[in-house]
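Enquirer: This is upload_37.txt, which holds compact mmCIF, N, CA and C atoms:
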# COMPACT_ATOMS: atom_id res chain seq x y z
N MET A 1 22.07 23.42 -7.85
CA MET A 1 20.92 22.67 -7.40
C MET A 1 21.39 21.40 -6.69
N ALA A 2 20.79 21.11 -5.57
CA ALA A 2 21.18 19.93 -4.79
C ALA A 2 20.71 18.66 -5.50
N ASN A 3 21.47 17.59 -5.31
CA ASN A 3 21.08 16.30 -5.88
C ASN A 3 19.84 15.77 -5.16
N LEU A 4 18.98 15.09 -5.92
CA LEU A 4 17.80 14.48 -5.31
C LEU A 4 18.24 13.25 -4.54
N PRO A 5 17.61 12.99 -3.39
CA PRO A 5 17.97 11.79 -2.64
C PRO A 5 17.53 10.53 -3.39
N THR A 6 18.30 9.47 -3.25
CA THR A 6 17.93 8.20 -3.87
C THR A 6 17.04 7.42 -2.89
N LEU A 7 16.32 6.45 -3.41
CA LEU A 7 15.50 5.60 -2.56
C LEU A 7 16.37 4.88 -1.54
N ASP A 8 17.52 4.37 -1.96
CA ASP A 8 18.42 3.67 -1.04
C ASP A 8 18.88 4.58 0.09
N THR A 9 19.21 5.83 -0.24
CA THR A 9 19.64 6.78 0.78
C THR A 9 18.51 7.08 1.76
N LEU A 10 17.31 7.31 1.24
CA LEU A 10 16.17 7.59 2.12
C LEU A 10 15.87 6.40 3.03
N LEU A 11 15.93 5.20 2.49
CA LEU A 11 15.70 4.00 3.31
C LEU A 11 16.75 3.88 4.41
N ALA A 12 18.01 4.07 4.06
CA ALA A 12 19.09 3.95 5.04
C ALA A 12 18.99 5.04 6.11
N ASP A 13 18.81 6.29 5.69
CA ASP A 13 18.78 7.40 6.64
C ASP A 13 17.54 7.39 7.53
N SER A 14 16.45 6.77 7.06
CA SER A 14 15.22 6.73 7.84
C SER A 14 15.15 5.53 8.78
N GLY A 15 16.11 4.60 8.64
CA GLY A 15 16.08 3.40 9.47
C GLY A 15 15.17 2.32 8.92
N LEU A 16 14.68 2.47 7.70
CA LEU A 16 13.76 1.48 7.13
C LEU A 16 14.44 0.47 6.20
N ALA A 17 15.73 0.63 5.98
CA ALA A 17 16.43 -0.25 5.02
C ALA A 17 16.33 -1.72 5.40
N GLU A 18 16.39 -2.03 6.69
CA GLU A 18 16.34 -3.43 7.12
C GLU A 18 15.00 -4.08 6.84
N LYS A 19 13.91 -3.28 6.78
CA LYS A 19 12.57 -3.80 6.49
C LYS A 19 12.33 -3.97 5.00
N ALA A 20 13.17 -3.34 4.18
CA ALA A 20 12.92 -3.26 2.74
C ALA A 20 13.47 -4.46 2.00
N VAL A 21 12.67 -4.98 1.07
CA VAL A 21 13.08 -6.04 0.15
C VAL A 21 13.00 -5.45 -1.25
N LYS A 22 14.11 -5.48 -1.95
CA LYS A 22 14.16 -4.90 -3.29
C LYS A 22 13.30 -5.72 -4.25
N VAL A 23 12.42 -5.04 -4.97
CA VAL A 23 11.58 -5.67 -5.97
C VAL A 23 12.13 -5.40 -7.37
N ASP A 24 12.60 -4.19 -7.58
CA ASP A 24 13.12 -3.78 -8.87
C ASP A 24 13.94 -2.51 -8.64
N THR A 25 14.51 -1.97 -9.70
CA THR A 25 15.23 -0.71 -9.58
C THR A 25 14.24 0.35 -9.10
N ASN A 26 14.57 1.06 -8.04
CA ASN A 26 13.73 2.12 -7.48
C ASN A 26 12.38 1.62 -6.97
N LEU A 27 12.28 0.35 -6.55
CA LEU A 27 11.04 -0.20 -6.01
C LEU A 27 11.37 -1.21 -4.92
N VAL A 28 10.79 -1.01 -3.72
CA VAL A 28 10.99 -1.93 -2.61
C VAL A 28 9.64 -2.28 -1.98
N ARG A 29 9.65 -3.35 -1.22
CA ARG A 29 8.46 -3.81 -0.50
C ARG A 29 8.81 -3.88 0.98
N LEU A 30 7.92 -3.34 1.82
CA LEU A 30 8.09 -3.39 3.27
C LEU A 30 6.82 -3.97 3.89
N GLN A 31 6.97 -4.76 4.93
CA GLN A 31 5.85 -5.41 5.59
C GLN A 31 5.46 -4.67 6.86
N TRP A 32 4.15 -4.48 7.07
CA TRP A 32 3.61 -3.92 8.31
C TRP A 32 2.49 -4.84 8.75
N GLY A 33 2.77 -5.73 9.68
CA GLY A 33 1.74 -6.67 10.13
C GLY A 33 1.20 -7.46 8.97
N SER A 34 -0.12 -7.39 8.76
CA SER A 34 -0.75 -8.14 7.67
C SER A 34 -0.74 -7.38 6.34
N ALA A 35 -0.22 -6.17 6.34
CA ALA A 35 -0.21 -5.36 5.12
C ALA A 35 1.23 -5.18 4.62
N PHE A 36 1.35 -4.92 3.33
CA PHE A 36 2.66 -4.59 2.79
C PHE A 36 2.56 -3.28 2.01
N VAL A 37 3.69 -2.62 1.90
CA VAL A 37 3.77 -1.33 1.22
C VAL A 37 4.84 -1.41 0.14
N LEU A 38 4.48 -0.98 -1.04
CA LEU A 38 5.43 -0.84 -2.13
C LEU A 38 5.85 0.62 -2.17
N VAL A 39 7.15 0.87 -2.18
CA VAL A 39 7.67 2.24 -2.22
C VAL A 39 8.52 2.36 -3.47
N GLY A 40 8.22 3.38 -4.25
CA GLY A 40 8.95 3.53 -5.49
C GLY A 40 9.19 4.97 -5.87
N VAL A 41 10.22 5.16 -6.68
CA VAL A 41 10.54 6.47 -7.23
C VAL A 41 10.35 6.37 -8.73
N SER A 42 9.63 7.34 -9.28
CA SER A 42 9.44 7.43 -10.72
C SER A 42 9.55 8.88 -11.12
N GLY A 43 10.56 9.17 -11.89
CA GLY A 43 10.78 10.56 -12.30
C GLY A 43 11.04 11.43 -11.08
N SER A 44 10.21 12.43 -10.89
CA SER A 44 10.40 13.37 -9.77
C SER A 44 9.49 13.06 -8.59
N ALA A 45 8.82 11.90 -8.59
CA ALA A 45 7.87 11.58 -7.52
C ALA A 45 8.31 10.35 -6.74
N ILE A 46 7.89 10.33 -5.47
CA ILE A 46 8.07 9.15 -4.64
C ILE A 46 6.70 8.77 -4.09
N VAL A 47 6.40 7.48 -4.12
CA VAL A 47 5.06 7.02 -3.75
C VAL A 47 5.17 5.80 -2.85
N ALA A 48 4.26 5.72 -1.88
CA ALA A 48 4.09 4.53 -1.03
C ALA A 48 2.67 4.02 -1.26
N ILE A 49 2.55 2.77 -1.67
CA ILE A 49 1.24 2.19 -2.00
C ILE A 49 1.08 0.87 -1.27
N ALA A 50 -0.05 0.73 -0.58
CA ALA A 50 -0.41 -0.55 0.05
C ALA A 50 -1.59 -1.13 -0.71
N PRO A 51 -1.36 -2.13 -1.57
CA PRO A 51 -2.48 -2.76 -2.27
C PRO A 51 -3.29 -3.58 -1.26
N LEU A 52 -4.59 -3.34 -1.21
CA LEU A 52 -5.41 -4.02 -0.20
C LEU A 52 -6.41 -5.00 -0.80
N PHE A 53 -7.12 -4.59 -1.85
CA PHE A 53 -8.18 -5.43 -2.42
C PHE A 53 -8.10 -5.44 -3.94
N ARG A 54 -8.21 -6.63 -4.50
CA ARG A 54 -8.12 -6.80 -5.96
C ARG A 54 -9.33 -6.24 -6.69
N SER A 55 -10.45 -6.13 -5.99
CA SER A 55 -11.69 -5.65 -6.60
C SER A 55 -12.58 -5.09 -5.51
N LEU A 56 -13.65 -4.45 -5.93
CA LEU A 56 -14.62 -3.93 -4.98
C LEU A 56 -15.40 -5.09 -4.36
N PRO A 57 -16.02 -4.86 -3.20
CA PRO A 57 -16.85 -5.92 -2.61
C PRO A 57 -18.11 -6.14 -3.46
N ASP A 58 -18.92 -7.12 -3.08
CA ASP A 58 -20.16 -7.39 -3.80
C ASP A 58 -20.99 -6.11 -3.92
N GLU A 59 -21.68 -5.98 -5.04
CA GLU A 59 -22.41 -4.77 -5.41
C GLU A 59 -23.27 -4.16 -4.28
N PRO A 60 -24.04 -4.93 -3.56
CA PRO A 60 -24.87 -4.28 -2.52
C PRO A 60 -24.05 -3.58 -1.43
N LYS A 61 -22.79 -3.99 -1.25
CA LYS A 61 -21.95 -3.42 -0.20
C LYS A 61 -21.12 -2.22 -0.67
N VAL A 62 -21.10 -1.95 -1.97
CA VAL A 62 -20.21 -0.91 -2.51
C VAL A 62 -20.47 0.47 -1.91
N PRO A 63 -21.72 0.96 -1.83
CA PRO A 63 -21.91 2.30 -1.24
C PRO A 63 -21.41 2.40 0.20
N ALA A 64 -21.67 1.39 1.01
CA ALA A 64 -21.19 1.41 2.40
C ALA A 64 -19.67 1.32 2.45
N PHE A 65 -19.09 0.56 1.52
CA PHE A 65 -17.63 0.42 1.43
C PHE A 65 -16.99 1.78 1.13
N PHE A 66 -17.51 2.47 0.10
CA PHE A 66 -16.95 3.79 -0.23
C PHE A 66 -17.14 4.78 0.90
N LYS A 67 -18.27 4.72 1.58
CA LYS A 67 -18.50 5.61 2.73
C LYS A 67 -17.45 5.34 3.81
N LYS A 68 -17.18 4.07 4.08
CA LYS A 68 -16.18 3.70 5.09
C LYS A 68 -14.78 4.18 4.67
N LEU A 69 -14.43 4.04 3.38
CA LEU A 69 -13.13 4.51 2.93
C LEU A 69 -12.99 6.02 3.11
N LEU A 70 -14.06 6.77 2.81
CA LEU A 70 -14.01 8.23 3.00
C LEU A 70 -13.88 8.59 4.48
N GLU A 71 -14.56 7.86 5.35
CA GLU A 71 -14.42 8.09 6.79
C GLU A 71 -12.98 7.82 7.24
N HIS A 72 -12.40 6.75 6.72
CA HIS A 72 -11.00 6.44 7.05
C HIS A 72 -10.06 7.51 6.50
N ASN A 73 -10.34 8.01 5.29
CA ASN A 73 -9.53 9.11 4.75
C ASN A 73 -9.55 10.31 5.69
N ALA A 74 -10.72 10.64 6.20
CA ALA A 74 -10.83 11.77 7.13
C ALA A 74 -10.04 11.49 8.41
N TYR A 75 -10.12 10.27 8.91
CA TYR A 75 -9.40 9.88 10.13
C TYR A 75 -7.90 10.04 9.95
N MET A 76 -7.39 9.71 8.75
CA MET A 76 -5.95 9.77 8.50
C MET A 76 -5.45 11.20 8.31
N GLY A 77 -6.33 12.15 8.19
CA GLY A 77 -5.96 13.55 8.17
C GLY A 77 -4.99 13.96 7.07
N GLY A 78 -5.06 13.33 5.92
CA GLY A 78 -4.20 13.70 4.80
C GLY A 78 -2.87 12.98 4.75
N MET A 79 -2.56 12.15 5.75
CA MET A 79 -1.29 11.42 5.73
C MET A 79 -1.28 10.35 4.63
N ALA A 80 -2.45 9.81 4.33
CA ALA A 80 -2.60 8.79 3.30
C ALA A 80 -4.06 8.82 2.86
N ALA A 81 -4.35 8.17 1.75
CA ALA A 81 -5.72 8.15 1.25
C ALA A 81 -6.00 6.85 0.51
N PHE A 82 -7.24 6.40 0.61
CA PHE A 82 -7.67 5.25 -0.17
C PHE A 82 -7.96 5.71 -1.60
N ALA A 83 -7.71 4.83 -2.56
CA ALA A 83 -7.97 5.13 -3.96
C ALA A 83 -8.35 3.85 -4.68
N LEU A 84 -9.09 4.02 -5.77
CA LEU A 84 -9.45 2.92 -6.66
C LEU A 84 -8.64 3.10 -7.93
N GLN A 85 -7.77 2.14 -8.22
CA GLN A 85 -6.92 2.23 -9.41
C GLN A 85 -7.68 1.76 -10.65
N PRO A 86 -7.23 2.17 -11.83
CA PRO A 86 -7.92 1.77 -13.06
C PRO A 86 -8.04 0.26 -13.25
N ASP A 87 -7.09 -0.52 -12.69
CA ASP A 87 -7.16 -1.98 -12.83
C ASP A 87 -8.08 -2.63 -11.81
N GLY A 88 -8.75 -1.83 -10.97
CA GLY A 88 -9.71 -2.35 -10.00
C GLY A 88 -9.18 -2.51 -8.59
N TRP A 89 -7.87 -2.41 -8.39
CA TRP A 89 -7.30 -2.55 -7.05
C TRP A 89 -7.70 -1.37 -6.17
N VAL A 90 -8.05 -1.66 -4.93
CA VAL A 90 -8.26 -0.64 -3.91
C VAL A 90 -6.96 -0.56 -3.13
N VAL A 91 -6.39 0.63 -3.07
CA VAL A 91 -5.09 0.82 -2.44
C VAL A 91 -5.16 1.95 -1.41
N LEU A 92 -4.20 1.93 -0.52
CA LEU A 92 -3.96 3.05 0.39
C LEU A 92 -2.63 3.63 -0.05
N HIS A 93 -2.57 4.94 -0.27
CA HIS A 93 -1.34 5.50 -0.83
C HIS A 93 -1.05 6.90 -0.32
N SER A 94 0.21 7.27 -0.54
CA SER A 94 0.67 8.62 -0.25
C SER A 94 1.85 8.88 -1.18
N GLY A 95 1.99 10.10 -1.60
CA GLY A 95 3.11 10.42 -2.48
C GLY A 95 3.38 11.91 -2.49
N ARG A 96 4.51 12.25 -3.04
CA ARG A 96 4.91 13.66 -3.15
C ARG A 96 6.12 13.76 -4.06
N ALA A 97 6.51 14.99 -4.34
CA ALA A 97 7.73 15.22 -5.11
C ALA A 97 8.91 14.77 -4.26
N ILE A 98 9.90 14.20 -4.92
CA ILE A 98 11.08 13.75 -4.18
C ILE A 98 11.97 14.95 -3.80
N LYS A 99 11.89 16.02 -4.58
CA LYS A 99 12.71 17.20 -4.30
C LYS A 99 12.34 17.77 -2.92
N GLY A 100 13.35 17.90 -2.08
CA GLY A 100 13.14 18.48 -0.76
C GLY A 100 12.73 17.51 0.33
N ILE A 101 12.48 16.25 0.00
CA ILE A 101 12.08 15.29 1.04
C ILE A 101 13.32 14.93 1.86
N ASP A 102 13.12 14.81 3.17
CA ASP A 102 14.22 14.35 4.02
C ASP A 102 13.84 13.00 4.61
N HIS A 103 14.79 12.39 5.32
CA HIS A 103 14.57 11.03 5.82
C HIS A 103 13.42 10.95 6.82
N ALA A 104 13.21 11.99 7.60
CA ALA A 104 12.12 11.96 8.59
C ALA A 104 10.76 12.02 7.90
N GLU A 105 10.63 12.88 6.91
CA GLU A 105 9.37 12.97 6.17
C GLU A 105 9.10 11.68 5.40
N PHE A 106 10.15 11.11 4.81
CA PHE A 106 10.03 9.84 4.10
C PHE A 106 9.55 8.74 5.05
N ALA A 107 10.17 8.65 6.22
CA ALA A 107 9.79 7.63 7.21
C ALA A 107 8.34 7.81 7.64
N THR A 108 7.92 9.04 7.85
CA THR A 108 6.53 9.32 8.25
C THR A 108 5.56 8.90 7.16
N MET A 109 5.89 9.21 5.91
CA MET A 109 5.01 8.86 4.79
C MET A 109 4.88 7.34 4.66
N VAL A 110 6.00 6.64 4.62
CA VAL A 110 5.98 5.20 4.40
C VAL A 110 5.37 4.46 5.60
N SER A 111 5.79 4.81 6.80
CA SER A 111 5.25 4.11 7.97
C SER A 111 3.79 4.46 8.20
N GLY A 112 3.39 5.67 7.84
CA GLY A 112 1.97 6.03 7.96
C GLY A 112 1.11 5.14 7.07
N VAL A 113 1.51 4.96 5.82
CA VAL A 113 0.77 4.08 4.92
C VAL A 113 0.77 2.65 5.48
N GLY A 114 1.91 2.18 5.95
CA GLY A 114 1.99 0.83 6.49
C GLY A 114 1.12 0.62 7.72
N ARG A 115 1.22 1.53 8.67
CA ARG A 115 0.43 1.40 9.90
C ARG A 115 -1.07 1.48 9.63
N PHE A 116 -1.49 2.46 8.81
CA PHE A 116 -2.91 2.59 8.51
C PHE A 116 -3.42 1.39 7.71
N ALA A 117 -2.63 0.89 6.75
CA ALA A 117 -3.05 -0.28 5.98
C ALA A 117 -3.22 -1.49 6.90
N ASP A 118 -2.28 -1.68 7.82
CA ASP A 118 -2.38 -2.79 8.76
C ASP A 118 -3.58 -2.62 9.70
N GLN A 119 -3.86 -1.40 10.08
CA GLN A 119 -4.99 -1.13 10.97
C GLN A 119 -6.33 -1.39 10.26
N PHE A 120 -6.45 -0.92 9.02
CA PHE A 120 -7.75 -0.96 8.35
C PHE A 120 -8.00 -2.22 7.54
N ASP A 121 -6.97 -2.95 7.12
CA ASP A 121 -7.25 -4.09 6.24
C ASP A 121 -8.10 -5.15 6.92
N ASP A 122 -7.78 -5.52 8.14
CA ASP A 122 -8.57 -6.55 8.83
C ASP A 122 -10.00 -6.10 9.08
N GLN A 123 -10.17 -4.83 9.45
CA GLN A 123 -11.53 -4.29 9.67
C GLN A 123 -12.36 -4.35 8.38
N LEU A 124 -11.76 -3.92 7.28
CA LEU A 124 -12.48 -3.91 6.01
C LEU A 124 -12.74 -5.32 5.49
N ILE A 125 -11.80 -6.23 5.70
CA ILE A 125 -12.01 -7.62 5.30
C ILE A 125 -13.20 -8.20 6.06
N ALA A 126 -13.22 -8.01 7.38
CA ALA A 126 -14.31 -8.56 8.19
C ALA A 126 -15.66 -8.01 7.77
N GLU A 127 -15.71 -6.72 7.45
CA GLU A 127 -16.99 -6.09 7.14
C GLU A 127 -17.43 -6.29 5.69
N PHE A 128 -16.49 -6.33 4.74
CA PHE A 128 -16.88 -6.31 3.33
C PHE A 128 -16.39 -7.50 2.50
N TYR A 129 -15.40 -8.24 2.99
CA TYR A 129 -14.80 -9.30 2.17
C TYR A 129 -14.80 -10.66 2.86
N ALA A 130 -15.58 -10.84 3.91
CA ALA A 130 -15.57 -12.10 4.66
C ALA A 130 -15.90 -13.29 3.75
N ASN A 131 -16.78 -13.09 2.77
CA ASN A 131 -17.16 -14.18 1.87
C ASN A 131 -16.30 -14.25 0.61
N HIS A 132 -15.33 -13.32 0.49
CA HIS A 132 -14.49 -13.29 -0.71
C HIS A 132 -13.02 -13.01 -0.35
N PRO A 133 -12.41 -13.88 0.45
CA PRO A 133 -11.01 -13.64 0.84
C PRO A 133 -10.05 -13.62 -0.35
N GLU A 134 -10.45 -14.23 -1.47
CA GLU A 134 -9.59 -14.23 -2.65
C GLU A 134 -9.40 -12.83 -3.24
N ALA A 135 -10.27 -11.89 -2.86
CA ALA A 135 -10.16 -10.52 -3.37
C ALA A 135 -9.26 -9.65 -2.51
N THR A 136 -8.70 -10.21 -1.45
CA THR A 136 -7.88 -9.41 -0.53
C THR A 136 -6.39 -9.59 -0.81
N ASN A 137 -5.59 -8.73 -0.22
CA ASN A 137 -4.14 -8.82 -0.37
C ASN A 137 -3.57 -10.00 0.42
N GLN A 138 -4.39 -10.66 1.21
CA GLN A 138 -3.92 -11.76 2.04
C GLN A 138 -4.21 -13.12 1.43
N ALA A 139 -4.84 -13.13 0.26
CA ALA A 139 -5.14 -14.40 -0.40
C ALA A 139 -3.86 -14.98 -0.98
N PRO A 140 -3.68 -16.29 -0.85
CA PRO A 140 -2.49 -16.90 -1.45
C PRO A 140 -2.58 -16.81 -2.97
N VAL A 141 -1.44 -16.62 -3.59
CA VAL A 141 -1.37 -16.57 -5.05
C VAL A 141 -0.63 -17.82 -5.49
N ALA A 142 -1.32 -18.63 -6.29
CA ALA A 142 -0.71 -19.87 -6.77
C ALA A 142 0.41 -19.57 -7.74
N LYS A 143 1.53 -20.23 -7.54
CA LYS A 143 2.66 -20.10 -8.47
C LYS A 143 2.43 -21.11 -9.59
N PRO A 144 2.84 -20.78 -10.80
CA PRO A 144 2.59 -21.68 -11.94
C PRO A 144 3.05 -23.12 -11.71
N ASP A 145 4.19 -23.31 -11.05
CA ASP A 145 4.70 -24.67 -10.85
C ASP A 145 4.04 -25.39 -9.69
N THR A 146 3.22 -24.69 -8.86
CA THR A 146 2.58 -25.33 -7.73
C THR A 146 1.06 -25.27 -7.83
N ALA A 147 0.55 -24.80 -8.95
CA ALA A 147 -0.90 -24.70 -9.12
C ALA A 147 -1.50 -26.09 -9.11
N ALA A 148 -2.68 -26.21 -8.55
CA ALA A 148 -3.37 -27.50 -8.51
C ALA A 148 -3.73 -27.92 -9.92
N PRO A 149 -3.54 -29.19 -10.24
CA PRO A 149 -3.91 -29.65 -11.59
C PRO A 149 -5.41 -29.62 -11.75
N SER A 150 -5.85 -29.32 -12.97
CA SER A 150 -7.30 -29.30 -13.22
C SER A 150 -7.77 -30.71 -13.53
N ALA A 151 -8.99 -30.98 -13.17
CA ALA A 151 -9.55 -32.33 -13.36
C ALA A 151 -10.11 -32.50 -14.74
Just give me the structure as structure tokens.
Expert:
Amino acid sequence: MANLPTLDTLLADSGLAEKAVKVDTNLVRLQWGSAFVLVGVSGSAIVAIAPLFRSLPDEPKVPAFFKKLLEHNAYMGGMAAFALQPDGWVVLHSGRAIKGIDHAEFATMVSGVGRFADQFDDQLIAEFYANHPEATNQAPVAKPDTAAPSA
């Protein structure tokens, strides 16, 4: 049986290693415009996830939001899909078994998630999150040592 490719090997062979910043063992972050993609290997699977929104938009907008996500899923033709994670994050993701993946398929999967996330995040923010930028992946996150003091 052939050895499974490592994340480092796939990144190097696909030409994406220079864009990758190591987050942890078997986990890297890559930037695509205003979006970022986390790529990780866990067990026999490899996944690319672009976290976009920390929560759903305001309640009256939720049905239109889900309709828009489904339309975008159809547009992407199975290359990636929007999902709602149990913790409330709305993500764009793609994944598959690592067995048999080659560098070209890996590059297509990761860059597809990155390009689509960059394409759709600004559109969705303008339409559904204009009044709540703190719920987006582009909101600044205060670091404990730089947080504003409370009054």
Enquirer: Report, in Å to a single decimal, how far apart atom N of Tyr75 of chain A and atom C of Ala135 of chain A are.
Expert: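 Spanning atom C of Ala135 of chain A to atom N of Tyr75 of chain A is a straight-line distance of 23.0 Å.
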Enquirer: Taking only C-alpha atoms into account, name the residue in A:Ala97, A:Leu56, A:Ala107, A:Ala50 that is nearest to Phe120 of chain A.
Expert: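 The answer is A:Ala50, which sits nearest to Phe120 of chain A.
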Enquirer: May I ask which of the residues A:Ala117, A:Met79, A:Leu69, A:Ala74 is the closest one to Ser34 of chain A, counting only N, CA and C atoms?
Expert: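 When distances to Ser34 of chain A are compared using only N, CA and C atoms, the smallest one comes from A:Ala117.
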Enquirer: Run DSSP on the backbone and give me the residues of chain A it puts in strand (DSSP E or B), as a PyMOL selection string.
Expert: chain A and resi 21-24+27-32+35-42+45-53+81-84+90-97+136
Enquirer: Please measure the separation of atom N of Phe116 of chain A and atom CA of Asp8 of chain A, giving the value in Å to one decimal.
Expert: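 If I compute the distance from atom N of Phe116 of chain A to atom CA of Asp8 of chain A, I get 22.2 Å.
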Enquirer: Would you kindly return, as a ChimeraX atom specification, each protein, DNA or RNA residue with an atom no farther than 7 Å from any atom of Ala45 of chain A, considering all atoms listed in the file and excluding same-chain residues fewer than 6 positions away?
Expert: /A:95-99
Enquirer: Can you tell me which residues surround segment 83-93 of chain A at a distance of at most 6 Å, considering all atoms listed in the file, apart from same-chain residues fewer than 3 positions away, and format the answer as a VMD selection string?
Expert: chain A and resid 48 to 56 80
Enquirer: Which residue gives the smallest distance to Val47 of chain A among A:Gln123, A:Asn26, A:Asn137, A:Asn3, with only C-alpha atoms counted?
Expert: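 Ranking A:Gln123, A:Asn26, A:Asn137, A:Asn3 by distance to Val47 of chain A, first place goes to A:Asn26.
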Enquirer: Quick one, how far is atom CA of Gln31 of chain A from atom CA of Ala126 of chain A?
Expert: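 If I compute the distance from atom CA of Gln31 of chain A to atom CA of Ala126 of chain A, I get 20.6 Å.
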Enquirer: I need the residue nearest Lys68 of chain A from this list: A:Ala12, A:Ile101, A:Val113, A:Leu124. Use only C-alpha atoms for the distance.
Expert: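 With only C-alpha atoms as the atom set, the closest residue is A:Leu124.
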Enquirer: Step one, run DSSP on the backbone; step two, keep only residues of chain A assigned to alpha helix (DSSP H); then write them as a ChimeraX atom specification.
Expert: /A:7-14,62-76,103-128
Enquirer: Please determine, counting all atoms listed in the file, which residue among A:Pro5, A:Lys19, A:Ala35, A:Leu30 has the shortest atom-to-atom distance to Gln119 of chain A.
Expert: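 That would be A:Ala35, the residue with the smallest distance to Gln119 of chain A.
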